[in-house]
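> What follows is the file work_22.txt, containing compact mmCIF, C-alpha atoms and all ligand atoms:
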```txt
# COMPACT_ATOMS: atom_id res chain seq x y z
CA MET A 457 -6.91 -17.02 -12.30
CA LEU A 458 -7.61 -17.11 -8.62
CA TYR A 459 -8.07 -14.02 -6.51
CA LYS A 460 -8.37 -15.76 -3.16
CA ARG A 461 -5.96 -13.74 -1.04
CA SER A 462 -7.37 -10.49 -2.46
CA SER A 463 -10.80 -11.58 -1.24
CA GLN A 464 -9.42 -12.32 2.22
CA LEU A 465 -7.61 -9.00 2.39
CA PHE A 466 -10.75 -7.23 1.26
CA ALA A 467 -12.78 -8.86 4.05
CA GLU A 468 -10.22 -7.60 6.58
CA ALA A 469 -10.18 -4.12 5.05
CA GLU A 470 -13.97 -3.87 5.14
CA LYS A 471 -13.93 -4.12 8.93
CA VAL A 472 -11.90 -0.95 9.37
CA ILE A 473 -12.24 1.03 6.13
CA PRO A 474 -15.70 1.99 4.77
CA GLY A 475 -16.37 -0.37 1.87
CA GLY A 476 -12.80 -1.63 2.24
CA VAL A 477 -11.43 1.12 -0.01
CA ASN A 478 -10.13 4.66 0.32
CA SER A 479 -11.79 5.80 -2.90
CA PRO A 480 -15.13 4.36 -4.06
CA VAL A 481 -14.07 3.78 -7.69
CA ARG A 482 -11.74 1.05 -6.45
CA ALA A 483 -14.62 -1.02 -5.13
CA PHE A 484 -16.27 -3.42 -7.57
CA LYS A 485 -19.78 -2.12 -6.92
CA ALA A 486 -20.66 -1.70 -10.60
CA VAL A 487 -19.32 -5.11 -11.64
CA GLY A 488 -19.67 -7.29 -8.52
CA GLY A 489 -16.94 -9.33 -6.87
CA THR A 490 -14.10 -8.07 -4.72
CA PRO A 491 -11.26 -5.67 -5.54
CA ILE A 492 -7.80 -6.97 -6.43
CA PHE A 493 -5.13 -6.15 -3.86
CA VAL A 494 -1.87 -5.08 -5.47
CA LYS A 495 1.53 -6.05 -4.18
CA SER A 496 3.73 -4.34 -6.75
CA ALA A 497 3.82 -3.09 -10.30
CA LYS A 498 6.45 -2.63 -12.98
CA GLY A 499 6.05 -1.26 -16.50
CA ALA A 500 2.74 -2.39 -17.98
CA TYR A 501 2.04 -5.02 -15.32
CA LEU A 502 0.44 -5.29 -11.90
CA TYR A 503 1.41 -8.12 -9.55
CA ASP A 504 -1.33 -8.93 -7.06
CA GLU A 505 -1.34 -10.59 -3.64
CA ASP A 506 -2.29 -13.95 -5.18
CA GLY A 507 0.79 -13.91 -7.41
CA ASN A 508 -1.16 -13.10 -10.61
CA ARG A 509 0.31 -10.85 -13.27
CA LEU A 510 -2.20 -8.47 -14.84
CA ILE A 511 -1.81 -6.16 -17.83
CA ASP A 512 -2.86 -2.80 -16.44
CA TYR A 513 -5.12 -0.47 -18.41
CA ILE A 514 -5.93 1.82 -15.47
CA ASN A 515 -2.46 2.87 -14.45
CA SER A 516 -3.47 4.43 -11.16
CA TRP A 517 -6.31 6.17 -13.08
CA GLY A 518 -3.88 8.01 -15.29
CA PRO A 519 -0.61 9.06 -13.67
CA MET A 520 1.63 6.20 -14.84
CA ILE A 521 1.82 7.25 -18.49
CA LEU A 522 5.33 5.80 -18.79
CA GLY A 523 4.45 2.60 -16.93
CA HIS A 524 4.76 1.61 -13.29
CA ALA A 525 7.90 2.18 -11.19
CA TYR A 526 9.45 4.30 -13.94
CA GLU A 527 13.11 4.34 -12.96
CA PRO A 528 13.92 8.10 -13.09
CA VAL A 529 10.86 8.87 -10.93
CA VAL A 530 11.69 6.15 -8.41
CA GLN A 531 15.32 7.32 -8.18
CA ALA A 532 14.31 10.97 -7.75
CA VAL A 533 11.98 10.07 -4.87
CA ILE A 534 14.58 7.90 -3.14
CA GLU A 535 17.26 10.59 -3.38
CA LYS A 536 14.97 13.36 -2.11
CA ALA A 537 13.60 11.25 0.75
CA LYS A 538 17.07 10.99 2.24
CA LEU A 539 17.21 14.79 2.47
CA GLY A 540 14.00 15.19 4.43
CA THR A 541 10.41 14.58 3.41
CA SER A 542 8.66 17.87 4.18
CA PHE A 543 9.70 21.32 5.35
CA GLY A 544 6.75 23.66 4.96
CA MET A 545 9.30 26.07 3.50
CA PRO A 546 10.14 26.91 -0.11
CA THR A 547 12.52 24.67 -2.05
CA GLU A 548 14.33 25.25 -5.35
CA LEU A 549 12.65 22.13 -6.69
CA GLU A 550 9.25 23.86 -6.70
CA THR A 551 10.57 26.59 -8.99
CA GLN A 552 12.21 24.01 -11.26
CA ILE A 553 8.99 22.07 -11.87
CA ALA A 554 7.01 25.31 -12.19
CA VAL A 555 9.42 26.64 -14.85
CA LEU A 556 9.18 23.39 -16.79
CA ALA A 557 5.37 23.16 -16.55
CA VAL A 558 4.96 26.80 -17.64
CA SER A 559 7.29 26.16 -20.60
CA MET A 560 5.35 23.08 -21.71
CA VAL A 561 1.77 24.38 -21.40
CA PRO A 562 0.55 27.19 -23.67
CA ASN A 563 -0.89 30.36 -22.26
CA ILE A 564 0.09 30.11 -18.59
CA ASP A 565 2.56 32.32 -16.70
CA LYS A 566 2.27 31.00 -13.18
CA ILE A 567 1.28 27.74 -11.54
CA ARG A 568 0.43 26.78 -7.97
CA PHE A 569 0.89 23.25 -6.69
CA VAL A 570 -1.62 21.48 -4.46
CA ASN A 571 -2.09 17.85 -3.40
CA SER A 572 -4.84 16.49 -5.64
CA GLY A 573 -6.96 17.17 -8.70
CA THR A 574 -9.90 17.86 -6.41
CA GLU A 575 -7.99 20.60 -4.66
CA ALA A 576 -6.84 22.05 -7.99
CA CYS A 577 -10.39 22.32 -9.39
CA MET A 578 -11.86 23.60 -6.12
CA SER A 579 -9.17 26.29 -5.93
CA ALA A 580 -9.52 27.22 -9.61
CA VAL A 581 -13.23 27.86 -9.12
CA ARG A 582 -12.62 29.97 -6.02
CA LEU A 583 -10.02 31.97 -7.93
CA ALA A 584 -12.44 32.47 -10.85
CA ARG A 585 -15.19 33.61 -8.48
CA GLY A 586 -12.85 36.00 -6.70
CA PHE A 587 -11.50 37.37 -9.96
CA THR A 588 -14.88 37.90 -11.66
CA LYS A 589 -16.78 38.79 -8.47
CA ARG A 590 -19.53 36.41 -9.56
CA ASP A 591 -20.87 33.31 -7.77
CA LYS A 592 -22.25 30.82 -10.29
CA ILE A 593 -20.41 28.24 -12.35
CA ILE A 594 -21.43 25.97 -15.21
CA LYS A 595 -20.32 22.36 -15.25
CA PHE A 596 -21.25 19.54 -17.59
CA ALA A 597 -23.21 16.43 -16.64
CA GLY A 598 -20.82 13.46 -16.60
CA CYS A 599 -17.67 15.56 -16.22
CA TYR A 600 -15.80 14.94 -12.96
CA HIS A 601 -13.81 17.62 -11.22
CA GLY A 602 -13.11 15.94 -7.90
CA HIS A 603 -15.30 15.51 -4.86
CA SER A 604 -15.63 19.07 -3.57
CA ASP A 605 -19.17 20.27 -2.85
CA SER A 606 -19.63 22.58 -5.85
CA PHE A 607 -19.10 19.71 -8.28
CA LEU A 608 -21.30 17.04 -6.67
CA ILE A 609 -24.32 18.35 -8.47
CA GLN A 610 -26.96 16.78 -10.69
CA ALA A 611 -29.65 18.28 -12.85
CA GLY A 612 -32.33 19.73 -10.57
CA SER A 613 -35.99 20.15 -11.36
CA GLY A 614 -35.25 23.59 -12.70
CA ALA A 615 -32.17 22.48 -14.59
CA ILE A 616 -32.05 25.65 -16.61
CA THR A 617 -31.64 27.75 -13.46
CA PHE A 618 -29.91 25.62 -10.84
CA GLY A 619 -28.60 22.16 -9.97
CA SER A 620 -29.36 19.98 -6.95
CA PRO A 621 -26.95 18.02 -4.72
CA ASN A 622 -26.12 14.48 -5.86
CA SER A 623 -24.65 13.54 -2.49
CA PRO A 624 -26.10 14.05 0.95
CA GLY A 625 -23.95 16.56 2.77
CA VAL A 626 -23.86 18.98 -0.14
CA THR A 627 -26.14 21.85 0.79
CA ALA A 628 -28.88 23.27 -1.39
CA GLY A 629 -27.13 26.62 -0.90
CA THR A 630 -24.01 25.30 -2.61
CA ALA A 631 -25.96 23.51 -5.33
CA LYS A 632 -27.81 26.64 -6.38
CA ASP A 633 -24.55 28.15 -7.64
CA THR A 634 -23.70 25.25 -9.96
CA LEU A 635 -25.55 25.09 -13.26
CA LEU A 636 -25.54 21.84 -15.18
CA ALA A 637 -25.07 21.73 -18.94
CA LYS A 638 -24.99 18.96 -21.57
CA TYR A 639 -21.57 18.04 -22.92
CA ASN A 640 -21.11 18.85 -26.60
CA ASP A 641 -24.23 21.04 -26.60
CA LEU A 642 -23.36 24.72 -27.12
CA GLN A 643 -26.98 25.83 -27.39
CA ASN A 644 -27.65 24.47 -23.95
CA VAL A 645 -24.67 26.42 -22.56
CA ALA A 646 -25.77 29.61 -24.32
CA ALA A 647 -29.26 29.26 -22.82
CA LEU A 648 -27.82 28.86 -19.31
CA ILE A 649 -25.70 31.96 -19.77
CA GLU A 650 -28.68 33.91 -21.08
CA ALA A 651 -30.84 32.88 -18.11
CA ASN A 652 -28.08 33.89 -15.67
CA LYS A 653 -26.78 37.07 -17.29
CA ASN A 654 -23.65 38.53 -15.59
CA GLU A 655 -23.83 35.96 -12.80
CA ILE A 656 -21.52 33.24 -14.13
CA ALA A 657 -17.91 33.28 -12.98
CA ALA A 658 -16.63 30.24 -14.85
CA ILE A 659 -17.38 27.35 -17.12
CA ILE A 660 -15.41 24.29 -16.05
CA VAL A 661 -15.03 21.48 -18.55
CA GLU A 662 -13.03 18.35 -19.22
CA PRO A 663 -11.90 19.48 -22.69
CA VAL A 664 -11.71 15.81 -23.61
CA ALA A 665 -14.06 14.01 -21.25
CA GLY A 666 -12.72 10.92 -19.54
CA ASN A 667 -15.05 10.33 -16.63
CA MET A 668 -18.05 9.03 -18.58
CA GLY A 669 -15.82 6.85 -20.69
CA CYS A 670 -13.76 8.72 -23.23
CA ILE A 671 -15.73 11.41 -25.06
CA PRO A 672 -13.81 13.78 -27.31
CA PRO A 673 -15.34 17.21 -27.90
CA ASN A 674 -17.40 17.61 -31.09
CA LYS A 675 -15.88 19.83 -33.72
CA GLY A 676 -16.35 23.45 -32.66
CA PHE A 677 -17.46 22.67 -29.10
CA LEU A 678 -14.36 23.99 -27.32
CA GLU A 679 -14.06 26.94 -29.71
CA GLY A 680 -17.72 27.75 -29.03
CA LEU A 681 -17.19 27.64 -25.26
CA ARG A 682 -14.20 29.96 -25.68
CA GLN A 683 -16.31 32.43 -27.63
CA LEU A 684 -19.23 32.32 -25.18
CA CYS A 685 -16.83 32.94 -22.29
CA THR A 686 -15.07 35.81 -24.02
CA ASP A 687 -18.38 37.43 -25.00
CA ASN A 688 -19.81 37.20 -21.49
CA GLY A 689 -16.86 37.96 -19.20
CA ILE A 690 -16.76 34.32 -18.03
CA LEU A 691 -13.50 32.48 -17.28
CA LEU A 692 -13.03 29.19 -19.12
CA ILE A 693 -11.49 26.52 -16.90
CA PHE A 694 -10.01 23.50 -18.67
CA ASP A 695 -9.87 20.66 -16.20
CA GLU A 696 -6.82 18.88 -17.58
CA VAL A 697 -6.30 16.69 -14.52
CA MET A 698 -6.66 13.68 -16.82
CA THR A 699 -5.59 15.11 -20.18
CA GLY A 700 -2.73 17.39 -19.10
CA PHE A 701 0.73 16.09 -20.09
CA ARG A 702 -1.13 13.13 -21.62
CA LEU A 703 -2.83 14.08 -24.88
CA ALA A 704 -0.02 16.43 -25.85
CA ARG A 705 2.97 18.10 -24.23
CA GLY A 706 0.80 21.17 -23.68
CA GLY A 707 -2.47 19.29 -23.13
CA VAL A 708 -5.77 19.94 -24.89
CA GLN A 709 -5.06 23.65 -25.31
CA GLU A 710 -2.21 22.63 -27.62
CA LEU A 711 -4.02 19.70 -29.23
CA PHE A 712 -7.12 21.70 -30.25
CA ASN A 713 -5.49 25.11 -30.31
CA VAL A 714 -8.07 26.60 -27.95
CA THR A 715 -7.12 28.92 -25.10
CA ALA A 716 -8.39 28.44 -21.56
CA ASP A 717 -8.23 31.08 -18.81
CA ILE A 718 -7.36 28.67 -15.99
CA VAL A 719 -6.04 25.13 -16.36
CA THR A 720 -6.05 22.46 -13.67
CA PHE A 721 -3.71 19.49 -13.44
CA GLY A 722 -3.29 16.30 -11.44
CA LYS A 723 -2.46 12.66 -12.17
CA VAL A 724 0.50 12.70 -14.65
CA ILE A 725 1.94 15.93 -13.20
CA GLY A 726 2.74 14.08 -9.95
CA GLY A 727 4.33 11.01 -11.53
CA GLY A 728 2.28 8.84 -9.15
CA LEU A 729 2.65 10.98 -6.03
CA PRO A 730 -0.16 13.19 -4.69
CA VAL A 731 0.08 16.36 -6.79
CA GLY A 732 -2.41 18.73 -8.34
CA ALA A 733 -1.89 22.20 -9.76
CA PHE A 734 -3.72 25.12 -11.29
CA ALA A 735 -2.28 27.69 -13.62
CA ALA A 736 -3.18 30.83 -15.58
CA ARG A 737 -1.86 34.12 -16.87
CA SER A 738 -0.25 36.37 -14.22
CA ALA A 739 -3.21 38.76 -14.09
CA ILE A 740 -5.39 35.94 -12.78
CA MET A 741 -2.78 34.05 -10.69
CA ASN A 742 -1.71 37.27 -8.92
CA TYR A 743 -5.21 37.34 -7.44
CA LEU A 744 -4.12 34.52 -5.12
CA ALA A 745 -2.82 34.96 -1.57
CA PRO A 746 -0.29 36.15 -0.56
CA LEU A 747 -0.28 38.57 -3.54
CA GLY A 748 -4.04 38.92 -3.87
CA PRO A 749 -7.24 38.48 -1.88
CA VAL A 750 -8.23 34.90 -2.82
CA TYR A 751 -7.09 32.51 -0.10
CA GLN A 752 -5.62 29.09 -0.87
CA ALA A 753 -3.03 27.11 1.11
CA GLY A 754 -1.61 23.67 1.93
CA THR A 755 0.77 22.26 4.56
CA LEU A 756 2.12 19.62 2.20
CA SER A 757 1.71 21.59 -1.06
CA GLY A 758 4.93 21.51 -3.08
CA ASN A 759 6.16 18.60 -0.96
CA PRO A 760 9.70 17.67 -2.04
CA LEU A 761 8.97 14.01 -2.76
CA ALA A 762 5.94 14.88 -4.85
CA MET A 763 7.80 17.64 -6.68
CA ALA A 764 10.78 15.38 -7.36
CA ALA A 765 8.51 12.71 -8.84
CA GLY A 766 6.60 15.27 -10.89
CA LEU A 767 9.75 16.94 -12.17
CA ALA A 768 11.28 13.62 -13.26
CA MET A 769 8.03 12.74 -15.05
CA LEU A 770 7.69 16.08 -16.84
CA GLN A 771 11.37 16.03 -17.82
CA ALA A 772 10.87 12.62 -19.42
CA LEU A 773 7.78 13.84 -21.33
CA ASP A 774 9.54 17.05 -22.34
CA THR A 775 12.66 15.27 -23.59
CA ASP A 776 11.08 12.44 -25.57
CA ARG A 777 9.03 14.36 -28.13
CA ALA A 778 7.93 11.17 -29.91
CA ILE A 779 6.10 9.77 -26.92
CA PHE A 780 2.63 11.19 -27.58
CA LYS A 781 2.72 9.91 -31.15
CA ARG A 782 3.82 6.48 -29.94
CA LEU A 783 0.96 6.38 -27.45
CA GLU A 784 -1.52 7.45 -30.10
CA GLU A 785 -0.35 4.70 -32.45
CA LYS A 786 -0.69 2.04 -29.77
CA THR A 787 -4.18 3.25 -28.91
CA ALA A 788 -5.24 3.25 -32.57
CA TYR A 789 -3.84 -0.28 -32.98
CA LEU A 790 -5.77 -1.49 -29.94
CA ALA A 791 -8.97 0.27 -31.06
CA ALA A 792 -8.76 -1.30 -34.54
CA GLY A 793 -8.12 -4.73 -33.05
CA ILE A 794 -11.03 -4.51 -30.60
CA ASP A 795 -13.32 -3.18 -33.33
CA LYS A 796 -12.52 -6.16 -35.52
CA VAL A 797 -13.15 -8.86 -32.91
CA LEU A 798 -16.28 -7.27 -31.44
CA LYS A 799 -17.76 -6.88 -34.94
CA ALA A 800 -17.01 -10.53 -35.67
CA ASN A 801 -18.80 -11.49 -32.47
CA THR A 802 -21.82 -9.29 -33.32
CA VAL A 803 -22.17 -7.32 -30.15
CA ALA A 804 -23.47 -3.72 -30.14
CA PHE A 805 -20.62 -1.39 -29.23
CA THR A 806 -18.98 1.97 -29.80
CA ILE A 807 -15.28 2.63 -29.31
CA ASN A 808 -14.24 6.18 -28.48
CA SER A 809 -10.57 7.02 -28.45
CA ILE A 810 -8.15 9.89 -28.68
CA GLY A 811 -4.44 10.02 -27.92
CA SER A 812 -3.78 7.50 -25.14
CA MET A 813 -7.39 7.34 -23.94
CA ILE A 814 -9.87 4.72 -25.13
CA SER A 815 -13.17 3.29 -23.98
CA VAL A 816 -15.55 0.62 -25.17
CA HIS A 817 -19.26 1.35 -24.72
CA PHE A 818 -21.70 -1.49 -25.17
CA ASP A 819 -24.25 0.39 -27.22
CA ALA A 820 -24.30 1.01 -30.96
CA ALA A 821 -25.26 4.70 -30.87
CA PRO A 822 -22.56 7.39 -30.84
CA VAL A 823 -21.50 8.31 -27.30
CA VAL A 824 -21.29 12.10 -27.08
CA ASP A 825 -22.52 13.03 -23.60
CA PHE A 826 -23.62 11.57 -20.26
CA GLN A 827 -27.04 10.51 -21.53
CA THR A 828 -25.63 8.49 -24.41
CA ALA A 829 -22.85 7.08 -22.20
CA ALA A 830 -25.51 5.87 -19.75
CA LYS A 831 -27.16 3.75 -22.48
CA GLY A 832 -24.31 1.23 -22.39
CA ASP A 833 -25.34 -2.33 -21.46
CA ASN A 834 -23.92 -2.86 -17.98
CA GLU A 835 -24.71 -6.60 -17.94
CA ILE A 836 -22.43 -7.08 -20.93
CA PHE A 837 -19.84 -4.81 -19.38
CA LYS A 838 -19.79 -6.97 -16.23
CA LYS A 839 -19.12 -10.11 -18.29
CA PHE A 840 -16.49 -8.22 -20.25
CA PHE A 841 -14.75 -6.98 -17.10
CA HIS A 842 -14.72 -10.31 -15.27
CA GLY A 843 -13.84 -12.22 -18.44
CA LEU A 844 -10.80 -10.03 -18.98
CA LEU A 845 -9.83 -10.35 -15.34
CA GLN A 846 -9.74 -14.12 -15.80
CA GLU A 847 -7.43 -13.61 -18.78
CA GLY A 848 -5.08 -11.44 -16.69
CA ILE A 849 -6.19 -8.04 -17.97
CA TYR A 850 -7.24 -5.26 -15.65
CA ILE A 851 -9.58 -2.54 -16.93
CA ALA A 852 -11.49 -0.11 -14.72
CA PRO A 853 -14.32 -1.78 -12.77
CA SER A 854 -16.90 0.58 -14.26
CA ALA A 855 -18.22 1.23 -17.75
CA TYR A 856 -17.88 4.96 -17.17
CA GLU A 857 -14.09 4.94 -17.18
CA THR A 858 -11.44 5.51 -19.77
CA TRP A 859 -8.60 3.05 -20.21
CA PHE A 860 -5.13 4.54 -20.22
CA ILE A 861 -2.48 3.35 -22.65
CA THR A 862 1.07 3.57 -21.35
CA ASP A 863 4.39 3.71 -23.11
CA ALA A 864 5.34 0.49 -21.31
CA LEU A 865 2.70 -1.56 -23.17
CA THR A 866 4.20 -3.62 -25.99
CA TYR A 867 2.45 -4.67 -29.19
CA GLU A 868 2.57 -8.23 -27.82
CA ASP A 869 0.56 -6.98 -24.81
CA LEU A 870 -1.94 -5.32 -27.16
CA ASP A 871 -2.25 -8.47 -29.30
CA PHE A 872 -2.74 -10.57 -26.17
CA THR A 873 -5.48 -8.15 -25.09
CA ILE A 874 -7.25 -8.26 -28.46
CA ARG A 875 -7.19 -12.08 -28.44
CA ALA A 876 -8.58 -12.08 -24.89
CA ILE A 877 -11.38 -9.72 -25.91
CA ASP A 878 -12.18 -12.00 -28.83
CA LYS A 879 -12.44 -14.98 -26.48
CA VAL A 880 -14.44 -13.12 -23.84
CA SER A 881 -16.89 -11.52 -26.26
CA LYS A 882 -17.85 -14.98 -27.58
CA THR A 883 -19.39 -15.63 -24.16
CA PHE A 884 -21.72 -12.57 -24.14
C1 LIG A 901 -9.22 12.48 -11.37
C2 LIG A 901 -9.83 13.74 -11.77
C3 LIG A 901 -10.05 14.79 -10.84
C4 LIG A 901 -9.81 14.61 -9.37
O1 LIG A 901 -8.48 14.41 -9.06
P1 LIG A 901 -8.11 13.71 -7.65
O2 LIG A 901 -6.61 13.76 -7.64
O3 LIG A 901 -8.68 12.35 -7.68
O4 LIG A 901 -8.70 14.55 -6.58
C5 LIG A 901 -10.51 15.98 -11.32
N1 LIG A 901 -10.77 16.16 -12.63
C6 LIG A 901 -10.58 15.21 -13.54
C7 LIG A 901 -10.86 15.47 -14.98
C8 LIG A 901 -10.13 13.94 -13.14
O5 LIG A 901 -9.99 12.98 -14.05
```
Would you mind writing the structure in this file as structure tokens?
Ligand SMILES: *Cc1c(COP(=O)(O)O)cnc(C)c1O

Amino acid sequence: MLYKRSSQLFAEAEKVIPGGVNSPVRAFKAVGGTPIFVKSAKGAYLYDEDGNRLIDYINSWGPMILGHAYEPVVQAVIEKAKLGTSFGMPTELETQIAVLAVSMVPNIDKIRFVNSGTEACMSAVRLARGFTKRDKIIKFAGCYHGHSDSFLIQAGSGAITFGSPNSPGVTAGTAKDTLLAKYNDLQNVAALIEANKNEIAAIIVEPVAGNMGCIPPNKGFLEGLRQLCTDNGILLIFDEVMTGFRLARGGVQELFNVTADIVTFGKVIGGGLPVGAFAARSAIMNYLAPLGPVYQAGTLSGNPLAMAAGLAMLQALDTDRAIFKRLEEKTAYLAAGIDKVLKANTVAFTINSIGSMISVHFDAAPVVDFQTAAKGDNEIFKKFFHGLLQEGIYIAPSAYETWFITDALTYEDLDFTIRAIDKVSKTF
């Protein structure tokens, strides 16, 4: 397949947009080459500017769980657009989606809508700090919670006491309030809490990690975090921006039957429009302005187009109760197929998958945290990525990303993908 026009468009974009992209994950830095420019998408397929059709395993990094240009969402947006695109005043639609979200997700009474997952996580942490009157938070290495300052932290020299910025522009002052823990390691978390007694406001976690490839929690990990939080007056924040309305109707809280204090959403909840949200019991949510002292706001928050798209998406997921099972079966089928062909071609690999999330790591050891995820062979991944691209299959241009299975994918698509992986892995 040729990607000639994409390359030309990228060259033009680079002149006026830093790196030619509006979000760095879209660039092909980790794999080389130039990004594909999309013209349109429908169902399981992307159509690019060169006229290629690609099977899409990224799906806008998660939102398009029912496939691209899902008709009820498209119709809802068109209808609402005719009535005005933004008012900065309340609409009935906001209450409708809030009622539905609160009914689907366990353990939340109120929800506030924002414009991105980043905003949701940033606001959730501020709310937790305001509510507990404490400053520090614990996050896990390899978990992503958006690009706000408090989360752009890596292990510092004194990792047990404080983190250090992993981007210029994040101040040391901000970094000192974020402690970095190892995913799936409760002892490490307990030690951090012990060393920072009564200072930690919140633990924020991807309850199923998806930003270092897919890493499900070890048995007892989430339950252990819950217990540590309860014992120490710490709020547990489940960042369900990726997993919410994806792994189950009620997200990971429902799937693993573990209760979080604050939950954040993004991606699926907006049906492909810019939406994020955070939610909790009333006692915590009432701490927000205008009811409470913690300030949080947004000119376009609850925007009617975004709310219409989100409502249509949630209604579809709420109505079709078989969808999550269907997605899980497709993922398991794909995982089994990939396992078989990669084994036959004797390459070292580990496949992690859960629900509609799956990732292939090119290392034989179990992948349970950032350190083990980082052991993957990136040279093989590059060949894998570009090989699949030639076959008309689009996976994320980085080994640290989950693939997303959508309801629009057919078993023929999955078989085609498995055959392509067989072919490509013979060239490693
Ligand atoms: C994507 C993501 C975010 C950030 O959401 P944006 O809408 O990109 O700001 C936060 N947390 C998790 C777990 C994510 O996957």
> Counting only C-alpha atoms and all ligand atoms, what residues are within 7 Å of ligand LIG 901 (chain A), given as a VMD selection string?
chain A and resid 572 to 575 577 599 to 603 662 666 to 667 695 to 698 722 to 723 732
> Name the residues in contact with Val494 (chain A) at a cut-off of 10 Å, using only C-alpha atoms, excluding same-chain residues fewer than 5 positions from it; report them as a CSV table (one decimal) with C-alpha atoms, keeping the file's coordinate frame.

```
chain,number,residue,atom,x,y,z
A,462,SER,CA,-7.4,-10.5,-2.5
A,502,LEU,CA,0.4,-5.3,-11.9
A,503,TYR,CA,1.4,-8.1,-9.6
A,504,ASP,CA,-1.3,-8.9,-7.1
A,505,GLU,CA,-1.3,-10.6,-3.6
A,506,ASP,CA,-2.3,-14.0,-5.2
A,507,GLY,CA,0.8,-13.9,-7.4
A,508,ASN,CA,-1.2,-13.1,-10.6
A,509,ARG,CA,0.3,-10.8,-13.3
A,510,LEU,CA,-2.2,-8.5,-14.8
```
> When you look at Tyr856 (chain A) with a cut-off of 10 Å (counting only C-alpha atoms), what residues show up, excluding the ones that are within fewer than 2 positions of it in the same chain? I need them as a PyMOL selection string.
chain A and resi 486+598+666-670+815-817+826+829-830+832+834+852-854+858-859
> What is the distance between CA of Gln683 (chain A) and CA of Lys653 (chain A), in Å to one decimal?
15.4 Å
> If you count all atoms listed in the file, which residues fall within 12 Å of region 529-538 of chain A, apart from same-chain ones fewer than 3 positions away, as a ChimeraX atom specification?
/A:498,519-526,541-543,547,549,724-729,759-773
> Hey, can you check how far CA of Glu650 (chain A) sits from CA of Leu692 (chain A)?
16.5 Å
> Kindly indicate which residue among A:Thr866, A:Ala584, A:Ala733, A:Ala820 lies nearest to Gly754 (chain A), using only C-alpha atoms for the distances.
A:Ala733
> CA of Asp641 (chain A) and CA of Asp825 (chain A), how far apart in Å?
8.7 Å
